[in-house]
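Visitor: Contents of my_file_16.pdb (PDB, C-alpha atoms) are given next:
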```
ATOM      1  CA  MET A   8       6.268  -7.280 -19.295
ATOM      2  CA  ALA A   9       7.862 -10.486 -18.029
ATOM      3  CA  GLY A  10       7.107  -9.527 -14.455
ATOM      4  CA  THR A  11       3.374  -9.436 -15.199
ATOM      5  CA  LEU A  12       3.166 -12.768 -17.036
ATOM      6  CA  PRO A  13       2.287 -14.919 -13.973
ATOM      7  CA  ASP A  14      -0.866 -12.838 -13.491
ATOM      8  CA  LEU A  15      -2.254 -13.931 -16.849
ATOM      9  CA  ASP A  16      -3.872 -16.818 -14.982
ATOM     10  CA  ALA A  17      -6.578 -14.278 -14.097
ATOM     11  CA  LEU A  18      -7.852 -14.776 -17.656
ATOM     12  CA  ILE A  19      -8.557 -18.481 -17.048
ATOM     13  CA  ASP A  20     -12.105 -19.475 -16.109
ATOM     14  CA  PHE A  21     -12.011 -22.133 -13.390
ATOM     15  CA  GLY A  22     -15.786 -22.528 -13.354
ATOM     16  CA  ASP A  23     -17.116 -19.979 -10.879
ATOM     17  CA  ALA A  24     -16.226 -16.687  -9.201
ATOM     18  CA  VAL A  25     -14.825 -18.230  -6.000
ATOM     19  CA  SER A  26     -12.666 -20.716  -7.909
ATOM     20  CA  ASN A  27     -11.377 -17.962 -10.179
ATOM     21  CA  MET A  28     -10.370 -15.897  -7.166
ATOM     22  CA  THR A  29      -8.790 -18.654  -5.110
ATOM     23  CA  HIS A  30      -6.951 -20.334  -8.005
ATOM     24  CA  HIS A  31      -5.271 -17.060  -8.929
ATOM     25  CA  ARG A  32      -1.562 -17.136  -8.027
ATOM     26  CA  ALA A  33      -1.522 -20.925  -8.137
ATOM     27  CA  GLU A  34       0.524 -22.932 -10.648
ATOM     28  CA  SER A  35       1.448 -19.881 -12.742
ATOM     29  CA  HIS A  36       3.197 -18.464  -9.673
ATOM     30  CA  GLY A  37       5.084 -21.654  -8.859
ATOM     31  CA  LEU A  38       8.821 -21.002  -8.556
ATOM     32  CA  PHE A  39       9.555 -24.159 -10.551
ATOM     33  CA  PHE A  40       7.407 -23.079 -13.497
ATOM     34  CA  VAL A  41       8.670 -19.495 -13.634
ATOM     35  CA  THR A  42      12.202 -20.873 -13.625
ATOM     36  CA  LEU A  43      11.358 -23.042 -16.640
ATOM     37  CA  ALA A  44       9.838 -20.041 -18.428
ATOM     38  CA  ALA A  45      12.914 -17.813 -18.036
ATOM     39  CA  PRO A  46      15.111 -19.508 -20.700
ATOM     40  CA  LEU A  47      12.239 -19.491 -23.205
ATOM     41  CA  LEU A  48      11.659 -15.769 -22.731
ATOM     42  CA  ALA A  49      15.410 -15.149 -22.831
ATOM     43  CA  TRP A  50      15.643 -16.910 -26.190
ATOM     44  CA  VAL A  51      12.847 -14.688 -27.555
ATOM     45  CA  ALA A  52      14.458 -11.520 -26.192
ATOM     46  CA  ASN A  53      17.853 -12.492 -27.542
ATOM     47  CA  ARG A  54      16.385 -13.183 -30.998
ATOM     48  CA  LEU A  55      14.544  -9.850 -31.010
ATOM     49  CA  HIS A  56      17.846  -8.134 -30.309
ATOM     50  CA  GLY A  57      19.580  -9.864 -33.180
ATOM     51  CA  GLY A  58      21.273 -12.617 -31.208
ATOM     52  CA  ASP A  59      23.736 -10.255 -29.541
ATOM     53  CA  GLY A  60      25.290 -13.014 -27.429
ATOM     54  CA  LEU A  61      23.657 -11.885 -24.202
ATOM     55  CA  PHE A  62      21.438 -14.934 -23.763
ATOM     56  CA  ARG A  63      22.740 -15.758 -20.283
ATOM     57  CA  ARG A  64      22.258 -12.193 -19.143
ATOM     58  CA  TRP A  65      18.771 -12.069 -20.605
ATOM     59  CA  CYS A  66      18.016 -15.357 -18.874
ATOM     60  CA  LEU A  67      19.140 -14.090 -15.466
ATOM     61  CA  ALA A  68      17.375 -10.723 -15.795
ATOM     62  CA  LEU A  69      14.090 -12.321 -16.907
ATOM     63  CA  TRP A  70      14.346 -15.040 -14.278
ATOM     64  CA  LEU A  71      14.703 -12.356 -11.607
ATOM     65  CA  ALA A  72      11.666 -10.509 -12.976
ATOM     66  CA  LEU A  73       9.583 -13.715 -12.954
ATOM     67  CA  PHE A  74      10.957 -15.219  -9.741
ATOM     68  CA  THR A  75      10.464 -12.137  -7.598
ATOM     69  CA  HIS A  76       6.806 -11.824  -8.671
ATOM     70  CA  PRO A  77       5.496 -14.758  -6.585
ATOM     71  CA  LEU A  78       7.906 -13.942  -3.761
ATOM     72  CA  LEU A  79       6.467 -10.449  -3.478
ATOM     73  CA  ASP A  80       2.914 -11.753  -3.841
ATOM     74  CA  ALA A  81       3.480 -14.199  -1.004
ATOM     75  CA  LEU A  82       3.954 -11.305   1.390
ATOM     76  CA  THR A  83       0.784  -9.396   0.537
ATOM     77  CA  ILE A  84      -2.505  -9.623   2.443
ATOM     78  CA  TYR A  85      -3.911 -11.666  -0.477
ATOM     79  CA  GLY A  86      -1.046 -14.133  -0.392
ATOM     80  CA  PRO A  87      -0.380 -16.954  -2.859
ATOM     81  CA  SER A  88      -3.064 -19.407  -3.786
ATOM     82  CA  CYS A  89      -3.085 -23.172  -4.177
ATOM     83  CA  SER A  90      -5.255 -25.748  -5.846
ATOM     84  CA  SER A  91      -5.975 -27.883  -2.771
ATOM     85  CA  HIS A  92      -7.560 -27.265   0.626
ATOM     86  CA  SER A  93      -4.759 -29.052   2.430
ATOM     87  CA  ALA A  94      -2.155 -26.530   1.404
ATOM     88  CA  SER A  95      -1.521 -23.523   3.597
ATOM     89  CA  PRO A  96      -0.769 -20.211   1.889
ATOM     90  CA  LEU A  97       2.042 -18.119   3.288
ATOM     91  CA  ARG A  98       0.877 -15.455   5.660
ATOM     92  CA  GLY A  99       2.376 -12.014   6.049
ATOM     93  CA  GLY A 100       1.832  -8.300   6.087
ATOM     94  CA  GLN A 101       1.997  -5.812   3.245
ATOM     95  CA  LEU A 102       5.759  -5.899   3.199
ATOM     96  CA  PHE A 103       6.180  -5.727  -0.566
ATOM     97  CA  SER A 104       2.631  -5.202  -1.810
ATOM     98  CA  SER A 105       3.228  -2.041  -3.831
ATOM     99  CA  THR A 106       6.889  -2.387  -4.758
ATOM    100  CA  ARG A 107       6.705  -4.517  -7.897
ATOM    101  CA  CYS A 108       9.894  -2.849  -9.152
ATOM    102  CA  THR A 109      12.032  -6.014  -9.026
ATOM    103  CA  PRO A 110      15.096  -4.102  -7.822
ATOM    104  CA  ALA A 111      17.503  -6.966  -8.433
ATOM    105  CA  ALA A 112      16.539  -7.285 -12.084
ATOM    106  CA  ALA A 113      16.823  -3.535 -12.554
ATOM    107  CA  VAL A 114      20.305  -3.474 -11.044
ATOM    108  CA  ALA A 115      21.378  -6.392 -13.219
ATOM    109  CA  CYS A 116      20.181  -4.738 -16.430
ATOM    110  CA  TRP A 117      21.776  -1.381 -15.669
ATOM    111  CA  ARG A 118      25.041  -2.972 -14.573
ATOM    112  CA  TRP A 119      25.345  -5.006 -17.762
ATOM    113  CA  ARG A 120      24.501  -2.096 -20.006
ATOM    114  CA  GLY A 121      27.227  -0.051 -18.428
ATOM    115  CA  ALA A 122      24.809   2.557 -17.123
ATOM    116  CA  SER A 123      25.971   5.048 -14.550
ATOM    117  CA  MET A 124      25.675   3.869 -10.969
ATOM    118  CA  PRO A 125      23.363   6.747  -9.871
ATOM    119  CA  LEU A 126      20.605   4.869 -11.712
ATOM    120  CA  ALA A 127      20.817   2.258  -8.969
ATOM    121  CA  GLY A 128      19.106   4.796  -6.726
ATOM    122  CA  THR A 129      15.710   3.779  -8.081
ATOM    123  CA  PRO A 130      15.871   0.129  -6.933
ATOM    124  CA  CYS A 131      17.486   1.283  -3.694
ATOM    125  CA  LEU A 132      14.435   3.430  -3.066
ATOM    126  CA  GLY A 133      12.310   0.349  -3.693
ATOM    127  CA  VAL A 134      14.294  -1.681  -1.163
ATOM    128  CA  SER A 135      14.064   1.173   1.331
ATOM    129  CA  ALA A 136      10.292   1.268   0.863
ATOM    130  CA  CYS A 137      10.148  -2.477   1.520
ATOM    131  CA  ILE A 138      12.113  -2.094   4.748
ATOM    132  CA  TRP A 139       9.948   0.810   5.916
ATOM    133  CA  ARG A 140       6.779  -1.119   5.169
ATOM    134  CA  GLY A 141       7.961  -4.110   7.166
ATOM    135  CA  LEU A 142       9.019  -2.024  10.162
ATOM    136  CA  ALA A 143       5.790  -0.006  10.101
ATOM    137  CA  HIS A 144       3.688  -3.157   9.923
ATOM    138  CA  ALA A 145       5.540  -4.738  12.856
ATOM    139  CA  HIS A 146       5.160  -1.548  14.907
ATOM    140  CA  VAL A 147       1.387  -1.370  14.406
ATOM    141  CA  GLU A 148       1.044  -5.076  15.200
ATOM    142  CA  GLN A 149       2.875  -4.483  18.477
ATOM    143  CA  ILE A 150       0.474  -1.664  19.384
ATOM    144  CA  VAL A 151      -2.547  -3.856  18.616
ATOM    145  CA  ARG A 152      -1.221  -6.786  20.645
ATOM    146  CA  ALA A 153      -0.587  -4.542  23.638
ATOM    147  CA  GLN A 154      -4.095  -3.067  23.505
ATOM    148  CA  LEU A 155      -5.760  -6.468  23.116
ATOM    149  CA  ALA A 156      -3.733  -7.820  26.045
ATOM    150  CA  GLN A 157      -4.906  -4.919  28.226
ATOM    151  CA  GLN A 158      -8.494  -5.733  27.277
ATOM    152  CA  GLY A 159      -8.088  -9.424  28.058
ATOM    153  CA  GLN A 160      -8.231 -10.443  24.391
ATOM    154  CA  SER A 161      -4.634 -11.515  23.862
ATOM    155  CA  GLY A 162      -5.764 -14.664  22.047
ATOM    156  CA  ALA A 163      -7.930 -12.862  19.499
ATOM    157  CA  ALA A 164      -7.051 -13.308  15.827
ATOM    158  CA  PHE A 165      -6.341 -10.058  14.001
ATOM    159  CA  PHE A 166      -4.598  -8.641  10.973
ATOM    160  CA  VAL A 167      -3.038  -5.301  10.104
ATOM    161  CA  THR A 168      -2.948  -3.804   6.616
ATOM    162  CA  PRO A 169      -2.196  -0.318   5.271
ATOM    163  CA  THR A 170      -4.979   1.897   4.005
ATOM    164  CA  PRO A 171      -4.883   2.717   0.255
ATOM    165  CA  PHE A 172      -2.015   4.686  -1.290
ATOM    166  CA  ASN A 173       0.118   4.971   1.861
ATOM    167  CA  THR A 174       1.826   3.208   4.758
ATOM    168  CA  VAL A 175       1.115   5.858   7.412
ATOM    169  CA  ALA A 176      -2.520   5.037   8.228
ATOM    170  CA  TRP A 177      -3.316   1.384   8.919
ATOM    171  CA  ARG A 178      -6.484  -0.701   9.158
ATOM    172  CA  ILE A 179      -6.868  -3.306  11.891
ATOM    173  CA  VAL A 180      -9.477  -6.067  12.020
ATOM    174  CA  VAL A 181      -9.980  -8.188  15.152
ATOM    175  CA  MET A 182     -12.129 -11.316  14.978
ATOM    176  CA  ARG A 183     -14.749 -11.947  17.664
ATOM    177  CA  ASP A 184     -17.188 -14.752  18.356
ATOM    178  CA  ASP A 185     -20.137 -12.656  17.191
ATOM    179  CA  GLY A 186     -18.418 -10.842  14.328
ATOM    180  CA  HIS A 187     -15.414  -8.570  13.978
ATOM    181  CA  ALA A 188     -14.098  -5.168  15.025
ATOM    182  CA  GLU A 189     -12.479  -2.635  12.701
ATOM    183  CA  GLY A 190     -10.202   0.214  13.708
ATOM    184  CA  PHE A 191      -7.622   2.567  12.214
ATOM    185  CA  TYR A 192      -4.267   3.849  13.404
ATOM    186  CA  SER A 193      -2.044   6.575  11.978
ATOM    187  CA  PHE A 194       1.532   7.347  12.955
ATOM    188  CA  PHE A 195       0.350  10.926  13.448
ATOM    189  CA  ASP A 196      -2.307   9.957  16.012
ATOM    190  CA  ALA A 197      -2.063  11.799  19.334
ATOM    191  CA  ASP A 198      -1.925   8.501  21.255
ATOM    192  CA  ARG A 199      -1.689   4.780  20.588
ATOM    193  CA  HIS A 200      -5.222   3.878  21.625
ATOM    194  CA  ILE A 201      -7.211   2.454  18.703
ATOM    195  CA  GLU A 202     -10.968   2.993  18.593
ATOM    196  CA  PHE A 203     -12.825  -0.008  17.187
ATOM    197  CA  ASP A 204     -16.273  -0.280  15.628
ATOM    198  CA  THR A 205     -17.915  -3.685  15.966
ATOM    199  CA  PHE A 206     -19.888  -5.467  13.262
ATOM    200  CA  ALA A 207     -22.053  -8.532  13.671
ATOM    201  CA  SER A 208     -21.612 -11.650  11.562
ATOM    202  CA  GLN A 209     -23.968 -14.587  11.296
ATOM    203  CA  ARG A 210     -21.241 -17.214  11.479
ATOM    204  CA  ALA A 211     -23.889 -19.591  12.841
ATOM    205  CA  LEU A 212     -25.092 -19.836   9.235
ATOM    206  CA  ALA A 213     -21.992 -21.854   8.337
ATOM    207  CA  PRO A 214     -23.219 -25.186   9.791
ATOM    208  CA  GLN A 215     -26.606 -24.628   8.140
ATOM    209  CA  LEU A 216     -24.946 -24.331   4.730
ATOM    210  CA  GLY A 217     -23.494 -27.807   5.147
ATOM    211  CA  ASN A 218     -20.556 -28.767   2.965
ATOM    212  CA  ASN A 219     -20.958 -25.772   0.685
ATOM    213  CA  PRO A 220     -17.765 -26.020  -1.406
ATOM    214  CA  ALA A 221     -17.439 -22.261  -1.920
ATOM    215  CA  LEU A 222     -17.798 -21.620   1.817
ATOM    216  CA  LEU A 223     -15.195 -24.253   2.684
ATOM    217  CA  ARG A 224     -12.763 -22.878   0.146
ATOM    218  CA  MET A 225     -13.217 -19.253   1.230
ATOM    219  CA  ALA A 226     -12.879 -20.193   4.914
ATOM    220  CA  TRP A 227      -9.546 -21.812   4.044
ATOM    221  CA  PHE A 228      -8.426 -19.055   1.717
ATOM    222  CA  THR A 229      -9.190 -16.191   4.127
ATOM    223  CA  HIS A 230      -7.645 -17.962   7.138
ATOM    224  CA  GLY A 231     -10.995 -17.401   8.847
ATOM    225  CA  PHE A 232     -11.085 -13.642   8.244
ATOM    226  CA  TYR A 233     -14.509 -13.550   6.650
ATOM    227  CA  SER A 234     -18.022 -12.434   7.520
ATOM    228  CA  LEU A 235     -21.228 -14.303   6.766
ATOM    229  CA  ARG A 236     -24.695 -12.793   6.736
ATOM    230  CA  GLU A 237     -28.147 -13.340   5.279
ATOM    231  CA  VAL A 238     -29.363 -10.645   2.897
ATOM    232  CA  GLN A 239     -32.755 -11.010   1.191
ATOM    233  CA  GLY A 240     -32.725 -14.776   1.579
ATOM    234  CA  ARG A 241     -29.158 -15.245   0.342
ATOM    235  CA  ALA A 242     -26.056 -16.174   2.311
ATOM    236  CA  ILE A 243     -23.362 -13.546   1.586
ATOM    237  CA  LEU A 244     -19.697 -14.108   2.413
ATOM    238  CA  ALA A 245     -17.152 -11.260   2.409
ATOM    239  CA  ASP A 246     -13.362 -11.498   2.565
ATOM    240  CA  LEU A 247     -12.547  -9.013   5.341
ATOM    241  CA  ARG A 248      -8.953  -8.533   4.271
ATOM    242  CA  MET A 249      -9.538  -6.420   1.164
ATOM    243  CA  GLY A 250     -11.728  -3.370   1.569
ATOM    244  CA  GLN A 251     -13.349  -1.943   4.679
ATOM    245  CA  GLU A 252     -16.823  -1.676   6.127
ATOM    246  CA  PRO A 253     -19.276  -1.747   4.497
ATOM    247  CA  GLY A 254     -17.667  -2.569   1.134
ATOM    248  CA  TYR A 255     -15.280  -5.359   0.261
ATOM    249  CA  VAL A 256     -13.556  -6.270  -2.972
ATOM    250  CA  PHE A 257     -14.521  -9.932  -2.733
ATOM    251  CA  GLN A 258     -18.099 -10.691  -1.689
ATOM    252  CA  PHE A 259     -20.085 -13.680  -2.901
ATOM    253  CA  ALA A 260     -23.613 -15.053  -2.617
ATOM    254  CA  LEU A 261     -23.117 -18.735  -1.792
ATOM    255  CA  ALA A 262     -26.596 -20.109  -1.063
ATOM    256  CA  GLN A 263     -30.295 -19.340  -1.394
ATOM    257  CA  ARG A 264     -32.786 -19.886   1.417
ATOM    258  CA  ASP A 265     -35.433 -22.522   0.635
ATOM    259  CA  GLY A 266     -37.810 -22.470   3.581
ATOM    260  CA  ALA A 267     -35.879 -23.649   6.629
ATOM    261  CA  LEU A 268     -33.096 -25.074   4.449
ATOM    262  CA  TRP A 269     -30.387 -23.611   2.259
ATOM    263  CA  LYS A 270     -29.821 -24.439  -1.390
ATOM    264  CA  THR A 271     -26.273 -24.211  -2.703
ATOM    265  CA  ILE A 272     -25.966 -21.926  -5.726
ATOM    266  CA  LYS A 273     -23.164 -21.085  -8.101
ATOM    267  CA  PRO A 274     -21.145 -18.377  -6.321
ATOM    268  CA  GLU A 275     -22.243 -14.954  -7.480
ATOM    269  CA  PRO A 276     -19.957 -11.939  -6.959
ATOM    270  CA  ILE A 277     -21.558  -9.021  -5.156
ATOM    271  CA  GLY A 278     -20.286  -5.743  -6.536
ATOM    272  CA  TYR A 279     -19.742  -2.705  -4.350
ATOM    273  CA  ARG A 280     -18.792   0.820  -5.364
ATOM    274  CA  GLY A 281     -17.532   3.027  -2.582
ATOM    275  CA  ASP A 282     -18.208   6.745  -2.397
ATOM    276  CA  VAL A 283     -14.825   8.101  -3.517
ATOM    277  CA  ALA A 284     -15.987  11.679  -2.919
ATOM    278  CA  ARG A 285     -16.313  10.835   0.791
ATOM    279  CA  ALA A 286     -13.578   8.207   1.090
ATOM    280  CA  LEU A 287     -10.594  10.230  -0.153
ATOM    281  CA  PRO A 288     -11.108  13.270   2.127
ATOM    282  CA  TRP A 289     -11.587  10.890   5.072
ATOM    283  CA  LEU A 290      -8.424   8.982   4.174
ATOM    284  CA  TRP A 291      -6.365  12.165   3.945
ATOM    285  CA  ALA A 292      -7.703  13.374   7.293
ATOM    286  CA  ARG A 293      -7.015   9.974   8.894
ATOM    287  CA  ILE A 294      -3.464   9.915   7.553
ATOM    288  CA  LYS A 295      -2.880  13.274   9.255
ATOM    289  CA  GLY A 296      -4.050  11.802  12.552
ATOM    290  CA  HIS A 297      -7.480  13.405  12.730
ATOM    291  CA  ASP A 298      -9.997  11.349  14.700
ATOM    292  CA  VAL A 299     -12.774  11.276  12.115
ATOM    293  CA  PRO A 300     -15.244   8.399  11.665
ATOM    294  CA  PRO A 301     -14.833   6.407   8.436
ATOM    295  CA  PRO A 302     -17.522   6.670   5.769
ATOM    296  CA  ARG A 303     -20.068   3.882   6.137
TER     297      ARG A 303
END
```
Could you render the structure from this file as structure tokens?

Guide:
Amino acid sequence: MAGTLPDLDALIDFGDAVSNMTHHRAESHGLFFVTLAAPLLAWVANRLHGGDGLFRRWCLALWLALFTHPLLDALTIYGPSCSSHSASPLRGGQLFSSTRCTPAAAVACWRWRGASMPLAGTPCLGVSACIWRGLAHAHVEQIVRAQLAQQGQSGAAFFVTPTPFNTVAWRIVVMRDDGHAEGFYSFFDADRHIEFDTFASQRALAPQLGNNPALLRMAWFTHGFYSLREVQGRAILADLRMGQEPGYVFQFALAQRDGALWKTIKPEPIGYRGDVARALPWLWARIKGHDVPPPR
């Protein structure tokens, strides 16, 4: 329960959809504030257990649960947030994205309760998963860099992230002047060559939108990994890091066309529901190394 407390900031309304997204993982995930919260939670836990004299142990265990939350978040594709444009969120791969087990806190609790040491196998598995994820991510990045260098695109910006529910099949997005390219790689592929599909983006719309605050914030927040397009007279921005073509978790309408000009509007989230009946069989086939086109 303590490990989930920093995420309660998702319940706060910061005024619009883009602000709500980009302010998540801000102050509530600050290491200073979670450190202040640990003694308060420890006092509550100690009282609930009848004041058994384990306040310091409660404090350490709860501090570990709270403190590791933002550290793990900082290494996901989403990354930490911040309340100002000048700050620069930490960047990293999916090293710890699905291992919210807080191994250190688990070890501490079991050790103090006198539990048998075999129980420590669970957090050890979590640490092992973290190490595997990091090594796998670095390996795929190396493959992508080598392929881009062979194609004369060594300076292209790209990111690598695992596909859902696994760390065997990976998604790669490479930014281009006229849009982006998306490809997939599995450790069971017959060779290391990655086939990319290209998708156009109307990034030229950005200057036309002027100082649109939502656009500026999303450009900062995504590190430039976003697409921009006009759909039925509205400027739609998508965060390319979460989801895959053609559906993304975070898409927003930022402006409405008014003749030759654009009128800034309150950011409106654009929902997308993928076809799970098609996506899951494709994912399983791609994990196994089958060269099958993704559902579009």

Visitor: In terms of the shortest atom-to-atom distance over all atoms listed in the file, which of A:Ala176, A:Leu247, A:Ile294, A:Ala52 is closest to A:Met225?

Guide: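 Closest residue, counting all atoms listed in the file: A:Leu247.
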
Visitor: With a distance cut-off of 12 Å and all atoms listed in the file, select the neighbouring residues of A:Ala221, excluding the residue or stretch itself and same-chain residues fewer than 6 positions from it, and output the selection as an mmCIF file with C-alpha atoms, in the frame of the given file.

Guide:
```cif
data_model
loop_
_atom_site.group_PDB
_atom_site.id
_atom_site.type_symbol
_atom_site.label_atom_id
_atom_site.label_comp_id
_atom_site.auth_asym_id
_atom_site.auth_seq_id
_atom_site.Cartn_x
_atom_site.Cartn_y
_atom_site.Cartn_z
ATOM 1 C CA GLY A 22 -15.786 -22.528 -13.354
ATOM 2 C CA ASP A 23 -17.116 -19.979 -10.879
ATOM 3 C CA ALA A 24 -16.226 -16.687 -9.201
ATOM 4 C CA VAL A 25 -14.825 -18.230 -6.000
ATOM 5 C CA SER A 26 -12.666 -20.716 -7.909
ATOM 6 C CA ASN A 27 -11.377 -17.962 -10.179
ATOM 7 C CA MET A 28 -10.370 -15.897 -7.166
ATOM 8 C CA THR A 29 -8.790 -18.654 -5.110
ATOM 9 C CA HIS A 92 -7.560 -27.265 0.626
ATOM 10 C CA ALA A 213 -21.992 -21.854 8.337
ATOM 11 C CA TRP A 227 -9.546 -21.812 4.044
ATOM 12 C CA PHE A 228 -8.426 -19.055 1.717
ATOM 13 C CA THR A 229 -9.190 -16.191 4.127
ATOM 14 C CA ALA A 242 -26.056 -16.174 2.311
ATOM 15 C CA ILE A 243 -23.362 -13.546 1.586
ATOM 16 C CA LEU A 244 -19.697 -14.108 2.413
ATOM 17 C CA ALA A 245 -17.152 -11.260 2.409
ATOM 18 C CA GLN A 258 -18.099 -10.691 -1.689
ATOM 19 C CA PHE A 259 -20.085 -13.680 -2.901
ATOM 20 C CA ALA A 260 -23.613 -15.053 -2.617
ATOM 21 C CA LEU A 261 -23.117 -18.735 -1.792
ATOM 22 C CA ALA A 262 -26.596 -20.109 -1.063
ATOM 23 C CA THR A 271 -26.273 -24.211 -2.703
ATOM 24 C CA ILE A 272 -25.966 -21.926 -5.726
ATOM 25 C CA LYS A 273 -23.164 -21.085 -8.101
ATOM 26 C CA PRO A 274 -21.145 -18.377 -6.321
ATOM 27 C CA GLU A 275 -22.243 -14.954 -7.480
ATOM 28 C CA PRO A 276 -19.957 -11.939 -6.959
#
```

Visitor: Using the chain letters and numbering of this document, enumerate as a list in words the residues selected by the PyMOL selection byres ((chain A and resi 235) around 6).

Guide: Ser208, Gln209, Arg210, Ser234, Arg236, Ile243 and Leu244 of chain A

Visitor: Run the PyMOL selection byres ((chain A and resi 301) around 12) mentally over the shown coordinates, then write out the matched residues as a PyMOL selection string, using the chain letters and numbers from the document.

Guide: chain A and resi 170+178+189-192+202-204+251-254+281-282+285-294+297-300+302-303

Visitor: So how far away is atom CA of A:Val256 from atom CA of A:Val283, in Å?

Guide: 14.4 Å

Visitor: Kindly indicate which residue among A:Asp198, A:Arg152, A:Cys66, A:Ala284 lies nearest to A:Trp50, using only C-alpha atoms for the distances.

Guide: A:Cys66

Visitor: Just how far from atom CA of A:Arg280 is atom CA of A:Asp80, in Å to one decimal?

Guide: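 Going from atom CA of A:Asp80 over to atom CA of A:Arg280 covers 25.1 Å.
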
Visitor: Pick out the closest residue to A:Pro214 from this set: A:Gln157, A:Ile150, A:Trp269, A:Gly57. Count only C-alpha atoms.

Guide: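 Selected residue with least distance to A:Pro214: A:Trp269.
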
Visitor: Please list as a count of residues only every residue within 8 Å of A:Phe232, counting all atoms listed in the file and excluding residues in the same chain fewer than 6 positions away.

Guide: 5

Visitor: The residues within 6 Å of (18.0, -12.9, -22.2), using only C-alpha atoms and the coordinates of the file, should be reported as a ChimeraX atom specification; which are they?

Guide: /A:49,52-53,62-66

Visitor: Using the chain letters and numbers from the file, give me the residues hit by the PyMOL selection byres ((chain A and resi 11) around 10), as a list of chain:residue names.

Guide: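 For this structure, the PyMOL selection byres ((chain A and resi 11) around 10) captures A:Met8, A:Ala9, A:Gly10, A:Leu12, A:Pro13, A:Asp14, A:Leu15, A:Ala72, A:Leu73, A:His76, A:Arg107.
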
Visitor: Can you report as JSON the centre and edge lengths in Å, to one decimal, of an axis-aligned box around the listed atoms of stretch 262-272 of chain A padded with 3 Å on each side?

Guide:
```
{"center_x": -31.9, "center_y": -22.2, "center_z": 0.5, "size_x": 17.8, "size_y": 11.7, "size_z": 18.4}
```

Visitor: Might you pull out every residue within 7 Å of A:Phe206, with only C-alpha atoms counted and same-chain residues fewer than 4 positions away left off, and present them as a list of chain:residue names?

Guide: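 Near neighbours after the sequence-gap exclusion: A:Gly186, A:His187, A:Ala188.
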
Visitor: Let me see the file: selected residues, C-alpha atoms, as a short mmCIF file (atom, residue, chain, number, x, y, z; two decimals), in the frame of the given file.

Guide:
```cif
data_model
loop_
_atom_site.label_atom_id
_atom_site.label_comp_id
_atom_site.auth_asym_id
_atom_site.auth_seq_id
_atom_site.Cartn_x
_atom_site.Cartn_y
_atom_site.Cartn_z
CA GLY A 186 -18.42 -10.84 14.33
CA HIS A 187 -15.41 -8.57 13.98
CA ALA A 188 -14.10 -5.17 15.02
#
```
